[in-house]
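These notes are about the structure you will find just below.
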Amino acid sequence: MATEMAEAATRVVDLVVGVAGDTGVTPGIMTTGEMLTLAVSRVGYDIYTFQTNPAEIKGGQAWYQLRLSDQQLLSQGNDVNVLIAFDEEGFEKNEKVLADGGVLIYDASAYEPHPSREFRLVGVPMTKIAREQVRFPLAKNMVGLGAAAALVDLDLQVIRRMIEQKYAAKSMEIVEKNFACVELGANYVRSELGLSPIVRLKPIPRPERLVLSGNEAISLGALAAGCRFFAGYPITPASTILEFMMRELPRFGGVALQMEDEIAALASCIGASVAGKKAMTATSGPGLSLMVELLGLAVMAEVPVVVADIQRAGPSTGMPTKTEQSDLNLALYGGHGDAPRVVVAPSSVGDAFYTAIRAFNLAEYTQGPCILLSDANLANRKATVDRPDSQGVKIVNRLLAPESDERLPKPFPRYQITMSGISPYAVPGMKGTYFVATGLEHDEYGAPNYTPEVHTAMSHKRFRKLESAYANRNGDEWVSLYGARGEADLGVISWGSNEGVIREAVAQANAEGYKVAFAHVHVLNPLPEKELKAFISRVRRVMVAEINFAGQFAHLLAGRFKIDPIPLTKVSGTPFTPQEVLDGIRDAAA
Amino acid sequence: MATEMAEAATRVVDLVVGVAGDTGVTPGIMTTGEMLTLAVSRVGYDIYTFQTNPAEIKGGQAWYQLRLSDQQLLSQGNDVNVLIAFDEEGFEKNEKVLADGGVLIYDASAYEPHPSREFRLVGVPMTKIAREQVRFPLAKNMVGLGAAAALVDLDLQVIRRMIEQKYAAKSMEIVEKNFACVELGANYVRSELGLSPIVRLKPIPRPERLVLSGNEAISLGALAAGCRFFAGYPITPASTILEFMMRELPRFGGVALQMEDEIAALASCIGASVAGKKAMTATSGPGLSLMVELLGLAVMAEVPVVVADIQRAGPSTGMPTKTEQSDLNLALYGGHGDAPRVVVAPSSVGDAFYTAIRAFNLAEYTQGPCILLSDANLANRKATVDRPDSQGVKIVNRLLAPESDERLPKPFPRYQITMSGISPYAVPGMKGTYFVATGLEHDEYGAPNYTPEVHTAMSHKRFRKLESAYANRNGDEWVSLYGARGEADLGVISWGSNEGVIREAVAQANAEGYKVAFAHVHVLNPLPEKELKAFISRVRRVMVAEINFAGQFAHLLAGRFKIDPIPLTKVSGTPFTPQEVLDGIRDAAA
Amino acid sequence: MTTTVTTEKTTGQPEERFDFKGMIEPVWCPGCGDFALLNAIRSALRQMPEVERQNTIVISGIGCSGRVAAYLGVYGFHGVHGRALPTALGVKEANPSLNVLVMGGDGDGFSIGGGHIPHAARRNPNMTYIVFDNEIYGLTKGQVSPTSPKGLAGKSTPEWPALEEPLNPLAMLIAYNVSFVARVYAGSPKTTTQIVKEAIAHPGFAVVQAMSPCTTFYNTYKLWAKQVRTLPEDYDPTDRMAAFARALDTETMWLGIFYREERPTYEEMIAQQAARLRGDEELSDDERLRRLIDSFV
Amino acid sequence: MTTTVTTEKTTGQPEERFDFKGMIEPVWCPGCGDFALLNAIRSALRQMPEVERQNTIVISGIGCSGRVAAYLGVYGFHGVHGRALPTALGVKEANPSLNVLVMGGDGDGFSIGGGHIPHAARRNPNMTYIVFDNEIYGLTKGQVSPTSPKGLAGKSTPEWPALEEPLNPLAMLIAYNVSFVARVYAGSPKTTTQIVKEAIAHPGFAVVQAMSPCTTFYNTYKLWAKQVRTLPEDYDPTDRMAAFARALDTETMWLGIFYREERPTYEEMIAQQAARLRGDEELSDDERLRRLIDSFV
Ligand SMILES: Cc1ncc(C[n+]2csc(CCOP(=O)(O)OP(=O)(O)O)c2C)c(N)n1
Ligand SMILES: Cc1ncc(C[n+]2csc(CCOP(=O)(O)OP(=O)(O)O)c2C)c(N)n1
Ligand code: SF4
Ligand code: SF4
Ligand SMILES: [Mg+2]
Ligand SMILES: [Mg+2]
């Protein structure tokens with residue numbers, strides 16, 4: 001496994017930069033972070049970001065965290081090495097994450113920090129420079145960006161190109177003013193303060209890579225999978241998928257609709273799929289809750305459809321801007337009656353592209369709903385990813401019946417009982433294969449039928465389809481294994497966006513002498529029984545890590561494999577840090 | 001336990017009567033069964049019915065099964081001893097359940113049966129008698145009823161009183177004609193055929209008891225618990241609760257509304273509860289699916305509300321007239337985020353009254369939603385039950401804050417963190433206790449708050465409330481134990497309407513020499529851990545019996561107690577028969 | 001339920017056309033108005049040579065009327081209660097060449113599903129929605145519906161007659177600016193066939209309120225026979241104010257086309273916008289995707 | 001978010017009345033129209049001596065506007081998106097003595113929650129619903145709403161301007177026969193206060209469309225300033241046809257009371273029916289229950 005190597009590789013550069021402040025006072029705090037991210041990535045470094053938006057509608061404390069390295073990054077990191085804090089509250093709220101001896105870049109015209117520990121203080125009069133030297137006070141954040149660039153020796157021309165991309169369409173004057181701020185910030189650090197860089201981000205020559213957010217990766221994956229119908233309803237943090245699809249799908253001859261609510265959104269996707277198109281909707285918890293009845297319809301009527309649930313902290317409206325992995329139970333069990341469905345989860349930004357494809361493949365293969373469980377953390381954060389290999393990827397289309405001879409009509413067995421449970425589908429428009437898709441229990445021809453025999457046979461069929469999907473996964477990796485091979489003292493199991501963080505922690509733990517293995521599960525239903533059984537049998541104790549209160553995945557595994565896992569849970573609205581997982585491993589191993 | 005005695009008691013009378021036919025051809029097939037049921041109950045016998053309605057909107061084969069005994073009845077029984085079949089299809093469809101040597105009463109003017117086994121044939125020209133002798137062909141079912149009455153030696157005057165109760169308001173002529181048919185049917189059997197009764201239902205002197213259906217028992221229980229607001233939307237098999245409450249609640253100073261959909265129904269119940277009333281809605285699977293988002297709101301905003309889900313066979317529209325216990329997962333997990341709620345299930349018609357009260361008590365105690373899981377089988381079937389003891393029952397009301405001094409306003413800590421998790425509630429109208437109930441994460445005062453500390457503390461609080469309910473159950477029996485005491489070879493665990501059937505089968509199995517214990521669980525969340533642990537520890541193997549495909553309860557128990565239970569499931573849309581459970585026990589013990 | 005097969009004739013002359021009968025027989029009660037509506041719709045379809053069996057799909061909700069999806073022998077989707085309209089929108093926009101018919105009851109359409117109508121109207125998809133209105137919940141056995149008259153004692157609640165004013169579906173549809181609004185009556189099959197044909201032919205969103213007595217739970221044959229009247233000859237269906245006035249006149253059950261207006265269909269607008277977005281360059285989907293991915297470098 | 005306490009004055013003379021301020025400060029963007037509406041509503045409440053703090057409850061949906069439930073210092077319920085109306089109905093029928101105010105956005109009320117309005121209208125509960133209409137989805141950052149003008153490019157989809165016709169909320173409300181229909185504008189605070197007072201005083205279901213520019217995502221101050229006009233002096237709000245005609249005139253943003261009618265409230269009808277059902281006999285609930293149970297012997 002090549003990845004094991006990467007985990008062990010020593011990093012020459014590994015730096016975490018945090019940007020903090022009140023967006024009402026300093027507009028563009030997120031832009032500061034994003035530009036730094038893009039610039040760093042342009043010169044060839046790996047990036048991995050994490051951000052929290054304020055709860056206020058406008059204004060409020062925001063946080064943008066960028067980790068960068070010359071090696072592959074698996075997590076947002078732990079402590080921050082450089083903190084850019086535009087206001088005092090921004091500093092005080094985040095002081096605790098600044099590493100001992102770290103660098104604090106602050107707006108010296110706004111406040112004087114009173115740190116409780118030893119930091120390197122880099123005071124730059126950002127407001128003053130922007131107002132007095134450039135007469136553009138709005139761009140004080142750009143002074144901060146320049147200061148940071150100087151400290152990491154980043155080529156300012158790369159930043160200039162970012163600024164041009166963003167503002168050139170508006171006006172070149174704005175470009176010039178913004179860049180002037182950047183230059184003045186950099187100069188102030190170099191000349192006035194006479195500081196030399198703490199690292200030098202020399203360009204690394206390598207093939208260009210993408211900088212994507214999780215939601216962008218899901219959207220691109222959907223397009224690659226052949227999604228040609230999308231319907232949604234705005235909701236944080238899923239709206240950017242709706243917006244992406246509204247913008248791009250028409251270019252691919254598809255249709256994207258903003259519907260009146262989530263129920264209508266899923267209903268229209270089901271309709272589009274009945275008409276033969278690959279269809280998807282994207283929502284977050286409250287929307288998924290509303291879709292439950294229609295999920296059951298897709299199961300019963302056997303209609304392929306992908307539902308992306310970008311989880312946020314619940315229950316109810318909860319904390320819309322915070323992350324959580326607490327919709328697993330709803331994804332698995334949301335539906336009255338026995339309503340089996342496929343559930344998959346992307347593990348990283350790069351993986352989100354392939355997971356979207358997997359979701360479509362499984363929905364089309366099983367002719368039923370597939371829920372894709374991402375989360376707010378993955379949705380918003382950016383990471384460098386290799387150009388996805390859209391050619392090499394396998395695309396599955398639903399099994400189609402041959403068009404029949406119109407003059408020899410026979411009833412079309414849309415719900416034919418087969419070994420695999422999969423029955424050939426006919427697309428409206430085809431001749432001779434008329435059928436009625438229905439949410440009533442039905443015989444093979446779709447006629448309502450409430451006999452014990454038919455209900456029993458059809459219940460089996462609906463579950464069997466999922467088993468067939470597992471049996472036919474053909475080398476598609478439903479579980480990724482990391483860490484110790486063979487017998488291990490501890491086996492960590494996780495799902496969703498935690499993969500990278502846990503890989504990092506597990507690598508560290510093994511480096512410290514613990515014997516820890518890690519299984520990351522990509523398909524949550526049907527569970528990859530064989531792989532997990534094998535994993536469980538070779539570890540002394542299982543720990544299940546997830547961002548929710550109840551230990552939802554732990555409970556699922558306990559029931560399925562009759563094990564008593566140690567839960568490692570977190571309910572703070574933020575992702576795990578590698579340190580937290582490492583601490584968990586140490587506790588469990590102790 | 002007195003019940004153990006009853007199980008062992010020998011029955012002098014134990015008879016199963018089935019009524020079958022096409023309701024389009026013979027109207028009043030259900031009425032035939034119902035009248036027989038009421039009459040038998042009036043003379044002091046225990047009754048237990050089971051019925052299936054045709055799938056057609058009008059017409060189609062219906063089935064009404066009545067078991068009667070001089071001892072307590074726990075199930076609908078197995079084979080039928082007397083079959084009244086009005087048409088040939090009715091006979092042929094149900095011939096298989098008629099016991100060898102059983103009695104077939106048939107309409108000799110409609111068909112001649114060709115039985116494949118040995119039965120006692122009682123042909124009565126029902127159509128002819130009704131048409132020619134009474135000139136009231138509509139009442140041919142009454143001729144059948146009379147014939148059956150003669151065969152069990154039932155006092156015809158009791159039937160006459162039933163007929164009067166039903167039709168006297170319409171016209172006495174109809175009463176007379178109906179009763180004439182009954183008498184002629186009875187006479188034909190006695191005089192023309194010269195048959196003597198197969199049993200003699202002599203009146204048993206005992207206190208009058210009620211004949212209730214499950215839905216009636218739930219409705220009455222809700223009224224006894226203090227329910228004063230109801231809102232619903234029609235759906236089979238829950239509509240009769242809506243209709244009951246619309247009829248009766250206004251008399252109690254309450255309000256019952258038929259809303260525009262299930263979402264509006266639960267929303268208005270939540271609103272009524274916020275205003276201080278005890279509120280309930282009733283629905284079936286599709287409706288519960290639609291209520292999922294609002295269930296989460298009730299959890300987060302901490303609003304007591306009872307949701308009765310009268311399960312039918314799913315998924316989706318499924319088989320609306322058939323029974324199933326497949327909404328357990330949805331009841332437990334239907335909600336995004338970690339959204340704990342109480343789930344209870346009535347085990348019999350008599351228990352449904354008390355379970356409704358328990359549901360309200362737990363909803364009010366925990367200040368959150370309580371889902372009551374009944375099913376189509378329980379909803380419709382009638383049973384004799386003792387007059388409920390509405391005086392002796394404990395009624396719990398939500399914890400209220402004292403009205404505060406208006407001139408000393410302080411913020412009211414609606415969501416105060418307490419040991420039990422329960423915070424005092426203030427009813428709008430009270431002075432000085434203003435608060436905003438909210439579905440956003442919030443601090444103790446209800447102000448939105450997205451900090452890790454608050455989300456963690458509030459998540460704990462929401463779960464802690466359920467633990468407190470369990471700790472404070474105060475002698476309320478959350479699990480009923482039957483069968484073998486001490487060590488047993490097999491422990492059956494079940495929930496919902498299966499209790500009686502399994503008790504009967506377990507008693508039989510123990511009589512046959514097996515060592516079987518039975519734990520019936522009344523509260524499914526929070527699970528009664530202590531009782532179940534103790535039960536599990538004293539049985540060699542656990543078998544979980546339930547009417548669904550996936551073994552939903554079995555999976556729950558497996559995860560919670562790390563056991564590997566034998567599932568005994570059924571997906572035919574009908575309840576277990578005692579024989580089926582007995583067979584399951586024998587297999588498991590073998 | 002037995003599955004019987006309707007033998008199909010070859011297409012060709014109208015009289016040889018497919019009879020638009022499904023594999024299964026209706027399960028409705030004797031005398032139910034839905035039979036007459038079904039027949040009238042069948043006749044309409046048979047009389048429209050442009051309607052091809054394989055390109056027609058009926059999307060229906062849940063209710064007695066919802067069963068109709070299975071009775072026309074074309075493609076069908078018998079979905080869940082109240083969601084036929086957004087489901088149908090998905091079908092139509094996914095494949096605009098399909099002839100999409102939506103059917104269901106007054107409860108399905110105006111109660112649980114009522115929120116979807118104005119949003120369909122805003123888009124004006126070229127599809128036809130026929131609401132089988134019996135002013136009652138048939139399938140669930142006689143509860144009042146949103147069009148039940150005030151004071152109606154639903155079968156099951158005789159002592160608690162409805163306190164609610166009935167909706168005025170036509171007034172609502174006109175306020176929503178549905179581009180074709182009509183009412184028909186099961187007791188007038190010829191007009192029904194005629195108006196259903198016009199509704200299907202209308203290029204845009206057509207909604208037909210189809211009055212259909214429920215013989216079992218609310219038998220309105222006699223009542224409605226006295227109330228129905230055809231809209232006058234000189235009635236101008238392009239006058240929205242006049243249509244609204246007519247809709248408010250609830251003494252008479254006016255039959256006919258209340259309102260019609262031709263405006264671009266949603267499919268047309270989408271196609272136009274898509275063409276603009278795609279630009280002139282002929283690109284394969286793969287190539288488009290590659291370029292899109294490249295924009296994230 | 002900090003929790004600050006508003007000190008409360010003793011009730012008494014209007015100027016000494018509770019100021020209807022909540023514990024927490026609004027989180028809205030600077031200049032948001034919701035501020036002006038909030039102030040106008042506050043003034044209305046302060047000027048109505050019959051409105052008592054402890055008997056007033058605000059039920060709101062989700063959206064920027066939905067936050068208002070916490071800003072008035074009375075009882076509040078900030079529920080889920082789109083369900084404020086049926087929630088409020090439950091509150092009102094459970095305790096008719098409460099003064100029930102419902103508030104939320106155009107998306108909340110006309111999109112996801114739109115299906116509930118006609119059914120509230122049918123019942124005519126005595127409560128007031130104020131829709132903060134900014135013709136945009138504010139909280140979710142600028143997507144088009146059902147009242148957005150056709151062709152509006154939502155902030156996030158500049159290349160895909162809305163193809164849908166906007167709803168006409170007033171026309172809909174008049175078709176639903178809402179018994180009090182009005183429109184106000186955040187830029188006209190005095191009229192707003194006046195009309196909100198009339199809406200609250202109206203014995204029945206009152207709906208106020210309250211135009212409220214979203215400075216961040218769709219700043220309509222300039223546009224609307226040109227469009228608003230107060231309904232003429234001689235306008236007759238009891239004429240439903242005239243009201244409909246006025247609603248269809250979308251060139252002008254008419255402000256004022258479009259329609260009002262007094263008819264029995266739902267609470268009154270329920271009370272009447274309940275009295276009839278209970279009969280004259282004075283019975284305790286226990287006794288009633290005993291009798292009901294006995295009827296099942
Ligand atoms: C979500 C949901 N709620 C309720 C039902 C039960 N239900 C089935 S049909 C129906 C209404 C029937 O009335 P209508 O739509 O007028 O159709 P009709 O039977 O009168 O033709 C209802 C409430 C359901 N199937 N699904
Ligand atoms: C079920 C559900 N779907 C979506 C959302 C996300 N959401 C929050 S507010 C809102 C709409 C906001 O628009 P509007 O109602 O007009 O209020 P405004 O913010 O403009 O005042 C949406 C879609 C949600 N909270 N719940
Ligand atoms: S119940 Fe009424 S609507 Fe339904 S089939 Fe029978 S007559 Fe028709
Ligand atoms: S986003 Fe718009 S509606 Fe929301 S607070 Fe800001 S200005 Fe007001
Ligand atoms: Mg109807
Ligand atoms: Mg808005």
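Every chain in the structure tokens takes a letter, A first, then B, and so on in the order presented; its residues are numbered from 1, and the ligands are numbered from 1 following the presented order.
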*What residues in chain B have any atom no more than 6 Å from chain D when counting only C-alpha atoms, and can you write them as a list in words?*
Arg209, Leu210, Val211, Pro250, Arg251, Ala264, Ala267, Ser268, Cys269, Gly271, Ala272, Ala275, Gly429, Met430, Lys431, Tyr434, Phe435, Val436, Ala437, Thr438 and Gly439 of chain B
7 Å contacts from chain B to chain A using only C-alpha atoms, as a tab-separated table (two decimals) with N, CA and C atoms, in the first residue's frame:
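Everything below was put into part-v4.tsv:
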chain	number	residue	atom	x	y	z
B	285	GLY	N	-47.54	4.34	8.98
B	285	GLY	CA	-46.18	4.52	8.48
B	285	GLY	C	-45.94	5.73	7.58
B	286	PRO	N	-46.71	5.86	6.48
B	286	PRO	CA	-46.43	6.99	5.59
B	286	PRO	C	-46.53	8.34	6.32
B	289	SER	N	-43.46	8.81	8.53
B	289	SER	CA	-42.32	9.22	7.71
B	289	SER	C	-42.33	10.72	7.47
B	290	LEU	N	-43.51	11.26	7.26
B	290	LEU	CA	-43.61	12.70	7.02
B	290	LEU	C	-43.37	13.52	8.28
B	292	VAL	N	-41.10	13.10	10.54
B	292	VAL	CA	-39.76	12.94	11.08
B	292	VAL	C	-39.10	14.28	11.44
B	293	GLU	N	-39.24	15.27	10.56
B	293	GLU	CA	-38.58	16.54	10.87
B	293	GLU	C	-39.15	17.14	12.16
B	296	GLY	N	-37.99	15.70	15.45
B	296	GLY	CA	-36.71	16.28	15.87
B	296	GLY	C	-36.91	17.63	16.54
B	297	LEU	N	-37.85	18.40	16.03
B	297	LEU	CA	-38.12	19.70	16.67
B	297	LEU	C	-38.62	19.49	18.09
B	300	MET	N	-35.68	18.77	20.26
B	300	MET	CA	-34.78	19.90	20.48
B	300	MET	C	-35.46	20.99	21.31
B	313	ALA	N	-48.39	-2.80	6.74
B	313	ALA	CA	-47.27	-3.40	6.02
B	313	ALA	C	-46.67	-2.41	5.04
B	314	GLY	N	-45.38	-2.21	5.10
B	314	GLY	CA	-44.67	-1.30	4.22
B	314	GLY	C	-43.69	-2.06	3.37
B	315	PRO	N	-42.74	-1.40	2.75
B	315	PRO	CA	-42.51	0.05	2.78
B	315	PRO	C	-43.49	0.79	1.87
B	316	SER	N	-43.36	2.10	1.86
B	316	SER	CA	-44.19	3.00	1.06
B	316	SER	C	-45.66	2.72	1.31
B	317	THR	N	-46.51	2.88	0.31
B	317	THR	CA	-47.93	2.67	0.56
B	317	THR	C	-48.19	1.21	0.93
B	318	GLY	N	-47.35	0.32	0.43
B	318	GLY	CA	-47.34	-1.06	0.89
B	318	GLY	C	-48.67	-1.77	0.79
B	319	MET	N	-49.11	-2.31	1.91
B	319	MET	CA	-50.39	-3.03	1.97
B	319	MET	C	-51.20	-2.40	3.10
B	326	SER	N	-43.06	-3.14	11.38
B	326	SER	CA	-41.81	-2.79	10.69
B	326	SER	C	-41.48	-1.30	10.77
B	327	ASP	N	-42.15	-0.57	11.64
B	327	ASP	CA	-41.80	0.85	11.79
B	327	ASP	C	-40.94	1.09	13.03
B	329	ASN	N	-37.69	0.69	13.55
B	329	ASN	CA	-36.48	1.46	13.26
B	329	ASN	C	-36.79	2.93	13.06
B	330	LEU	N	-37.84	3.20	12.32
B	330	LEU	CA	-38.20	4.60	12.07
B	330	LEU	C	-38.57	5.30	13.37
B	333	TYR	N	-35.21	5.78	15.27
B	333	TYR	CA	-34.12	6.53	14.64
B	333	TYR	C	-34.59	7.59	13.66
B	334	GLY	N	-35.87	7.77	13.53
B	334	GLY	CA	-36.37	8.72	12.53
B	334	GLY	C	-36.12	10.15	12.96
B	335	GLY	N	-35.06	10.72	12.49
B	335	GLY	CA	-34.71	12.08	12.86
B	335	GLY	C	-33.24	12.28	12.54
B	336	HIS	N	-32.91	13.43	11.94
B	336	HIS	CA	-31.49	13.70	11.73
B	336	HIS	C	-30.90	14.18	13.06
B	337	GLY	N	-29.60	14.03	13.17
B	337	GLY	CA	-28.96	14.39	14.43
B	337	GLY	C	-29.27	13.36	15.50
B	338	ASP	N	-28.68	13.57	16.66
B	338	ASP	CA	-28.94	12.66	17.79
B	338	ASP	C	-30.22	13.12	18.46
B	339	ALA	N	-31.32	12.44	18.17
B	339	ALA	CA	-32.65	12.91	18.59
B	339	ALA	C	-33.37	11.84	19.39
B	439	GLY	N	-35.72	25.28	17.93
B	439	GLY	CA	-35.10	24.11	17.33
B	439	GLY	C	-33.63	24.32	17.05
B	440	LEU	N	-33.14	25.54	17.29
B	440	LEU	CA	-31.70	25.79	17.20
B	440	LEU	C	-31.05	25.29	18.49
B	441	GLU	N	-29.78	24.94	18.44
B	441	GLU	CA	-29.09	24.64	19.68
B	441	GLU	C	-29.04	25.92	20.50
B	450	TYR	N	-23.86	28.05	19.70
B	450	TYR	CA	-23.24	26.97	18.92
B	450	TYR	C	-21.86	26.59	19.46
B	452	PRO	N	-19.00	24.48	21.49
B	452	PRO	CA	-18.86	23.06	21.79
B	452	PRO	C	-19.38	22.72	23.19
B	453	GLU	N	-19.15	23.60	24.14
B	453	GLU	CA	-19.54	23.29	25.51
B	453	GLU	C	-21.06	23.15	25.61
B	455	HIS	N	-23.32	22.67	23.17
B	455	HIS	CA	-23.87	21.55	22.40
B	455	HIS	C	-23.63	20.23	23.11
B	456	THR	N	-22.46	20.11	23.71
B	456	THR	CA	-22.16	18.88	24.44
B	456	THR	C	-23.08	18.75	25.65
B	549	PHE	N	-39.43	-8.06	8.35
B	549	PHE	CA	-38.47	-8.84	7.57
B	549	PHE	C	-37.08	-8.80	8.19
B	550	ALA	N	-36.67	-7.61	8.59
B	550	ALA	CA	-35.26	-7.42	8.94
B	550	ALA	C	-34.91	-7.84	10.35
B	555	HIS	N	-32.10	-6.86	16.01
B	555	HIS	CA	-30.86	-6.12	15.77
B	555	HIS	C	-30.59	-5.12	16.90
B	556	LEU	N	-31.66	-4.49	17.36
B	556	LEU	CA	-31.49	-3.54	18.47
B	556	LEU	C	-30.94	-4.23	19.70
B	558	ALA	N	-29.37	-7.08	19.81
B	558	ALA	CA	-28.03	-7.59	19.53
B	558	ALA	C	-27.00	-6.51	19.82
B	559	GLY	N	-27.27	-5.30	19.32
B	559	GLY	CA	-26.33	-4.20	19.50
B	559	GLY	C	-26.22	-3.79	20.96
B	562	LYS	N	-25.12	-7.25	23.04
B	562	LYS	CA	-24.08	-8.08	22.43
B	562	LYS	C	-24.47	-9.56	22.45
B	563	ILE	N	-25.66	-9.83	21.96
B	563	ILE	CA	-26.11	-11.21	21.88
B	563	ILE	C	-26.39	-11.54	20.42
B	564	ASP	N	-26.60	-12.80	20.15
B	564	ASP	CA	-26.82	-13.25	18.78
B	564	ASP	C	-28.16	-13.98	18.73
B	571	VAL	N	-43.50	-12.05	7.42
B	571	VAL	CA	-43.81	-10.88	6.59
B	571	VAL	C	-45.02	-11.15	5.71
B	572	SER	N	-46.05	-11.73	6.28
B	572	SER	CA	-47.18	-12.08	5.44
B	572	SER	C	-48.35	-11.13	5.63
B	573	GLY	N	-48.18	-10.09	6.42
B	573	GLY	CA	-49.28	-9.16	6.63
B	573	GLY	C	-50.29	-9.61	7.67
*List all protein, DNA and RNA residues that have at least one atom no more than 12 Å from any atom of ligand 3, counting only C-alpha atoms and all ligand atoms, and write them as an MDAnalysis selection string.*
(chainID B and resid 24 55:59) or (chainID C and resid 26:38 62:68 104:107 132:143 145 155 186 211:221)
*asked:* Residues of chain D were defined as contacting chain C if any atom lay at most 9 Å from it, counting only C-alpha atoms; please report them as a PyMOL selection string.
replied: chain D and resi 110-119+121-124+146+159-161+163-177+241+244-245+248+266+269-270+273-274+277
*Contacts of range 216-219 of chain B at 7 Å or less, counting only C-alpha atoms, minus same-chain residues fewer than 5 places along, as a ChimeraX atom specification?*
/B:241,244-245,349-350,352-353,356
Could you write those residues out with C-alpha atoms, as a compact mmCIF listing (two decimals), in the first residue's frame?
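Produced file again06.txt, reproduced below:
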# COMPACT_ATOMS: atom_id res chain seq x y z
CA ILE B 241 -58.67 7.23 16.30
CA PHE B 244 -63.10 8.89 17.82
CA MET B 245 -61.32 11.98 19.02
CA VAL B 349 -56.31 -4.42 23.48
CA GLY B 350 -56.59 -4.18 27.23
CA ALA B 352 -53.51 -0.36 24.87
CA PHE B 353 -55.54 1.72 27.31
CA ALA B 356 -51.69 5.30 25.95
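Reported to one decimal place, the separation of CA of Asp153 in chain A from CA of Ala180 in chain A is 17.2 Å.
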*Run DSSP on the backbone and give me the residues of range 336-553 of chain B it puts in strand (DSSP E), as a PyMOL selection string.*
chain B and resi 342-344+369-375+382-385+436-438+479-483+488-495+516-521+523-525+539-546
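From CA of Ser347 in chain B back to CA of His522 in chain B, the distance works out to 7.2 Å.
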_I want to know what sits within 7 Å of Val544 in chain B, based on only C-alpha atoms, with residues of the same chain fewer than 4 positions away left out; could you give that as a PyMOL selection string?_
chain B and resi 492-494+554+565-568
*Would you list, as a ChimeraX atom specification, the residues of range 15-133 of chain D that end up in helix (DSSP H, G or I) under DSSP run on this structure's backbone?*
/D:15-16,33-46,53-55,65-70,84-94,106-112,114-123
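Take the candidates A:Glu88, A:Asp107, A:Glu403, A:Glu262 and check each one against ligand 2 using only C-alpha atoms and all ligand atoms; the shortest distance goes to A:Glu262.
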*asked:* Report, in Å to a single decimal, how far apart CA of Val17 in chain A and CA of Gln65 in chain A are.
replied: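 Between CA of Gln65 in chain A and CA of Val17 in chain A the gap is 5.8 Å.
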*Distance query Ala44 in chain D at most 10 Å, only C-alpha atoms, self and fewer than 4 positions along chain excluded, as a count of residues only*: 16
